[in-house]
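What follows is work35.tsv (TSV, C-alpha atoms and all ligand atoms).
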chain	number	residue	atom	x	y	z
A	1	MET	CA	2.40	10.03	8.11
A	2	GLU	CA	-0.81	8.19	8.95
A	3	THR	CA	0.65	5.63	11.33
A	4	GLU	CA	-0.48	7.62	14.34
A	5	THR	CA	-4.12	7.52	13.31
A	6	GLN	CA	-4.06	3.80	12.45
A	7	SER	CA	-4.58	2.72	16.07
A	8	GLN	CA	-7.76	4.75	16.52
A	9	ASN	CA	-9.54	3.63	13.37
A	10	ALA	CA	-11.93	1.28	15.17
A	11	GLY	CA	-15.54	2.11	14.39
A	12	LYS	CA	-14.64	4.38	11.52
A	13	VAL	CA	-16.06	4.24	8.06
A	14	TYR	CA	-13.67	3.96	5.15
A	15	LEU	CA	-14.28	5.93	2.01
A	16	CYS	CA	-12.87	5.98	-1.49
A	17	PRO	CA	-11.23	9.31	-2.29
A	18	MET	CA	-12.82	9.17	-5.74
A	19	HIS	CA	-16.22	7.65	-5.03
A	20	ARG	CA	-18.38	9.23	-2.34
A	21	GLU	CA	-20.84	6.33	-2.45
A	22	VAL	CA	-18.21	3.73	-1.55
A	23	ARG	CA	-18.35	3.21	2.22
A	24	GLN	CA	-16.92	0.21	4.03
A	25	PRO	CA	-16.62	-0.65	7.74
A	26	ASN	CA	-12.98	-1.68	7.33
A	27	SER	CA	-9.99	-0.70	5.29
A	28	GLY	CA	-9.42	-2.14	1.85
A	29	LYS	CA	-9.66	-1.17	-1.76
A	30	CYS	CA	-12.40	0.55	-3.68
A	31	PRO	CA	-14.32	-2.02	-5.77
A	32	LYS	CA	-14.63	0.55	-8.57
A	33	CYS	CA	-11.17	2.05	-8.94
A	34	HIS	CA	-9.08	-0.18	-6.60
A	35	MET	CA	-7.69	2.80	-4.76
A	36	TYR	CA	-6.97	2.31	-1.08
A	37	LEU	CA	-9.84	3.46	1.08
A	38	VAL	CA	-9.17	6.16	3.64
A	39	PRO	CA	-10.86	6.65	7.04
A	40	GLU	CA	-13.73	9.12	7.04
A	41	GLY	CA	-12.53	12.57	7.98
A	42	THR	CA	-9.09	12.18	6.44
A	43	ARG	CA	-10.55	12.16	2.95
A	44	PHE	CA	-8.87	14.84	0.87
A	45	GLY	CA	-6.81	15.71	3.94
A	46	MET	CA	-3.57	15.15	2.06
A	47	LEU	CA	-4.85	17.08	-0.93
A	48	ARG	CA	-5.94	19.92	1.31
A	49	SER	CA	-2.58	20.07	3.06
A	50	MET	CA	-0.86	20.12	-0.35
A	51	VAL	CA	-2.96	23.09	-1.41
A	52	LYS	CA	-2.35	24.78	1.92
A	53	SER	CA	1.41	24.49	1.70
A	54	PRO	CA	2.87	24.94	-1.78
A	55	LEU	CA	6.30	24.23	-0.29
A	56	LYS	CA	5.20	20.71	0.61
A	57	LEU	CA	3.87	20.26	-2.91
A	58	PHE	CA	7.19	21.42	-4.31
A	59	ILE	CA	9.11	19.03	-2.03
A	60	MET	CA	6.92	16.17	-3.23
A	61	ALA	CA	7.24	17.18	-6.88
A	62	ALA	CA	10.99	17.78	-6.83
A	63	PRO	CA	12.03	14.07	-6.83
A	64	MET	CA	9.66	13.39	-9.74
A	65	VAL	CA	11.14	16.27	-11.71
A	66	ALA	CA	14.63	14.99	-10.90
A	67	ILE	CA	13.71	11.51	-12.18
A	68	ILE	CA	12.26	12.95	-15.40
A	69	VAL	CA	15.37	15.05	-15.95
A	70	ALA	CA	17.59	12.02	-15.25
A	71	ILE	CA	15.65	9.94	-17.76
A	72	MET	CA	15.95	12.70	-20.37
A	73	ILE	CA	19.71	12.96	-19.78
A	74	LEU	CA	20.26	9.20	-19.83
A	75	MET	CA	18.14	8.68	-22.95
A	76	PRO	CA	20.27	7.82	-25.97
B	1	ZN	ZN	-13.18	4.42	-6.09
What's the C-alpha cells form of this structure?
Amino acid sequence: METETQSQNAGKVYLCPMHREVRQPNSGKCPKCHMYLVPEGTRFGMLRSMVKSPLKLFIMAAPMVAIIVAIMILMP
C-alpha cells in the first residue's frame, strides 16, 4: 500500500501517529509507544480513508470477525 511512496521519502519528517511531538528525520519507532513512525502528510491517512469508505473498513474487519468466530467454534 505504501511501497510507492517509500522511494520519495527523502527529506521528509517522520511522525508518530500517537504523539505529535515526536519528529524524526528518518523512519523508525516512536521512543514513547514504539509504534512505527509514518512520513509527515500520511499521518492519519489510513484512518481517514477507513472513515471515508466503510466498505474498506468492513473488508478489513471481516477476517478478524471470522477468526473470532472460528475460535469460538473451536473452543471446547
Ligand atoms: Zn508514540
Taking only residues of chain A that have an atom at most 6 Å from an atom of ligand ZN 1 (chain B), what is each one's shortest atom pair and its distance in Å to one decimal, using only C-alpha atoms and all ligand atoms, in chain and number order, as a Markdown table?
| residue | atom | partner | partner_atom | distance |
| --- | --- | --- | --- | --- |
| A:Cys16 | CA | B:ZN1 | ZN | 4.9 |
| A:Met18 | CA | B:ZN1 | ZN | 4.8 |
| A:His19 | CA | B:ZN1 | ZN | 4.6 |
| A:Cys30 | CA | B:ZN1 | ZN | 4.6 |
| A:Lys32 | CA | B:ZN1 | ZN | 4.8 |
| A:Cys33 | CA | B:ZN1 | ZN | 4.2 |
| A:Met35 | CA | B:ZN1 | ZN | 5.9 |
- prompt: Which residues come within 10 Å of Glu40 in chain A, counting all atoms listed in the file, excluding same-chain residues fewer than 6 positions away, as a PyMOL selection string?
  reply: chain A and resi 9+12-17+23-24
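If you look at CA of Val38 in chain A and CA of Ile68 in chain A, they are 29.5 Å away from each other.
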- request: Record the distance separating CA of Pro54 in chain A and CA of Gly41 in chain A, expressed in Å with one decimal.
  value: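 Between CA of Pro54 in chain A and CA of Gly41 in chain A the gap works out to 22.0 Å.
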- prompt: Suppose you want the space between CA of Val65 in chain A and CA of Leu37 in chain A; what is it in Å?
  reply: 27.7 Å
